[in-house]
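Worksheet: one structure, shown below.
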Amino acid sequence: MFGIKPIFWVLINSSVAFVYLFVISKILGKKQIAQLEFIDYTIGISLGSIAAEMATNTETPFYFFLIAMTIFLVLALLVAVVGRKNTFLKRILKGKPLTLIYDGKINYKSLKKSKIDVNDLLSMLREKTISI
């Protein structure tokens with residue numbers, strides 16, 4: 001396509017997929033991935049998808065998939081290093097914590113922002129033997 005070697009398409013498509021999955025993960029919110037950081041969730045989905053495609057696609061050379069997985073690894077490491085060095089990027093990449101309960105009262109504005117249902121919050125509190 002457009003005179004670009006297939007290996008460069010893998011590089012381009014992997015980079016685009018990485019960014020796109022990260023954006024989608026941020027949009028979905030913290031409810032589904034409460035135990036993972038967004039970047040870990042994105043990497044997990046991406047690597048799983050690439051591995052599944054590698055296992056089922058017989059037309060594409062397997063090393064293309066290995067290259068794609070390596071690109072995701074390098075991008076994840078790059079994000080980790082940049083996130084440690086730059087607090088602004090760290091806040092964008094990892095998010096900032098929300099205070100859901102302050103002074104014994106539920107902060108409904110933060111709860112809505114985090115996309116966590118009040119019943120889910122209360123359930124999490126019961127698991128930690130906390131009552132409000």
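Identifiers in the structure tokens: chain A, B, ... in order shown; residue index from 1 per chain; ligand index from 1 in order shown.
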
**OP:** From a DSSP pass on the backbone, collect the residues of chain A flagged as helix (DSSP H, G or I) and hand them back as number ranges by chain.
**Re:** A: 6-28, 38-56, 62-85, 87-94, 108-114, 118-127

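Excluding Ile39 (chain A) and any residue on its chain fewer than 2 positions from it, the residues at most 8 Å away by only C-alpha atoms are Phe22, Glu37, Tyr41, Thr42, Ile43, Ala76, Leu93 and Lys94 of chain A.
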
**OP:** For Met69 (chain A), list every protein, DNA or RNA residue within 9 Å, evaluated using only C-alpha atoms, and leave out those in the same chain fewer than 3 positions away; present the list as an MDAnalysis selection string.
**Re:** chainID A and resid 14 46:47 50:51 64:66 72:74

With all heavy atoms retained, could you export that selection as a compact mmCIF listing (two decimals), in the first residue's frame?
```
# COMPACT_ATOMS: atom_id res chain seq x y z
N SER A 14 0.71 -0.59 14.77
CA SER A 14 0.90 -0.85 16.20
C SER A 14 0.90 0.44 17.00
O SER A 14 0.28 0.52 18.07
CB SER A 14 2.22 -1.58 16.44
OG SER A 14 2.19 -2.84 15.84
N SER A 46 -3.92 -5.09 24.11
CA SER A 46 -3.18 -5.07 22.84
C SER A 46 -2.38 -6.35 22.64
O SER A 46 -2.44 -6.97 21.57
CB SER A 46 -2.24 -3.87 22.80
OG SER A 46 -2.96 -2.69 22.98
N LEU A 47 -1.63 -6.72 23.65
CA LEU A 47 -0.80 -7.91 23.52
C LEU A 47 -1.65 -9.16 23.35
O LEU A 47 -1.32 -10.05 22.56
CB LEU A 47 0.13 -8.05 24.72
CG LEU A 47 1.23 -6.99 24.80
CD1 LEU A 47 2.02 -7.15 26.09
CD2 LEU A 47 2.14 -7.04 23.59
N ILE A 50 -2.95 -9.13 19.75
CA ILE A 50 -1.89 -9.47 18.80
C ILE A 50 -1.57 -10.96 18.87
O ILE A 50 -1.42 -11.63 17.85
CB ILE A 50 -0.62 -8.63 19.07
CG1 ILE A 50 -0.89 -7.16 18.78
CG2 ILE A 50 0.54 -9.13 18.22
CD1 ILE A 50 0.18 -6.22 19.29
N ALA A 51 -1.50 -11.48 20.09
CA ALA A 51 -1.20 -12.91 20.27
C ALA A 51 -2.30 -13.78 19.67
O ALA A 51 -2.02 -14.80 19.03
CB ALA A 51 -1.01 -13.22 21.74
N PHE A 64 5.97 -10.62 12.03
CA PHE A 64 5.26 -9.33 12.05
C PHE A 64 4.58 -9.14 13.40
O PHE A 64 4.59 -8.06 13.98
CB PHE A 64 4.22 -9.25 10.94
CG PHE A 64 4.78 -8.90 9.59
CD1 PHE A 64 6.11 -9.09 9.26
CD2 PHE A 64 3.94 -8.37 8.62
CE1 PHE A 64 6.60 -8.77 8.02
CE2 PHE A 64 4.44 -8.03 7.36
CZ PHE A 64 5.76 -8.23 7.06
N PHE A 65 3.99 -10.21 13.91
CA PHE A 65 3.31 -10.14 15.19
C PHE A 65 4.31 -9.94 16.32
O PHE A 65 4.04 -9.21 17.28
CB PHE A 65 2.47 -11.39 15.42
CG PHE A 65 1.38 -11.57 14.40
CD1 PHE A 65 1.50 -12.52 13.41
CD2 PHE A 65 0.26 -10.76 14.41
CE1 PHE A 65 0.51 -12.69 12.45
CE2 PHE A 65 -0.74 -10.91 13.46
CZ PHE A 65 -0.62 -11.88 12.48
N LEU A 66 5.45 -10.59 16.21
CA LEU A 66 6.50 -10.41 17.22
C LEU A 66 7.01 -8.97 17.22
O LEU A 66 7.26 -8.39 18.28
CB LEU A 66 7.65 -11.39 16.98
CG LEU A 66 7.30 -12.88 17.13
CD1 LEU A 66 8.52 -13.73 16.80
CD2 LEU A 66 6.76 -13.18 18.50
N PHE A 72 4.85 -2.59 21.21
CA PHE A 72 4.04 -2.28 22.39
C PHE A 72 4.87 -2.32 23.66
O PHE A 72 4.68 -1.50 24.56
CB PHE A 72 2.85 -3.24 22.48
CG PHE A 72 1.67 -2.77 21.68
CD1 PHE A 72 1.55 -3.10 20.36
CD2 PHE A 72 0.69 -1.99 22.26
CE1 PHE A 72 0.48 -2.65 19.60
CE2 PHE A 72 -0.39 -1.53 21.53
CZ PHE A 72 -0.50 -1.87 20.20
N LEU A 73 5.79 -3.25 23.75
CA LEU A 73 6.68 -3.33 24.91
C LEU A 73 7.52 -2.06 25.02
O LEU A 73 7.59 -1.43 26.08
CB LEU A 73 7.60 -4.55 24.79
CG LEU A 73 8.73 -4.61 25.82
CD1 LEU A 73 8.19 -4.80 27.22
CD2 LEU A 73 9.70 -5.72 25.45
N VAL A 74 8.12 -1.64 23.92
CA VAL A 74 8.97 -0.44 23.92
C VAL A 74 8.14 0.80 24.26
O VAL A 74 8.56 1.64 25.07
CB VAL A 74 9.68 -0.28 22.55
CG1 VAL A 74 10.35 1.08 22.42
CG2 VAL A 74 10.70 -1.40 22.36
```
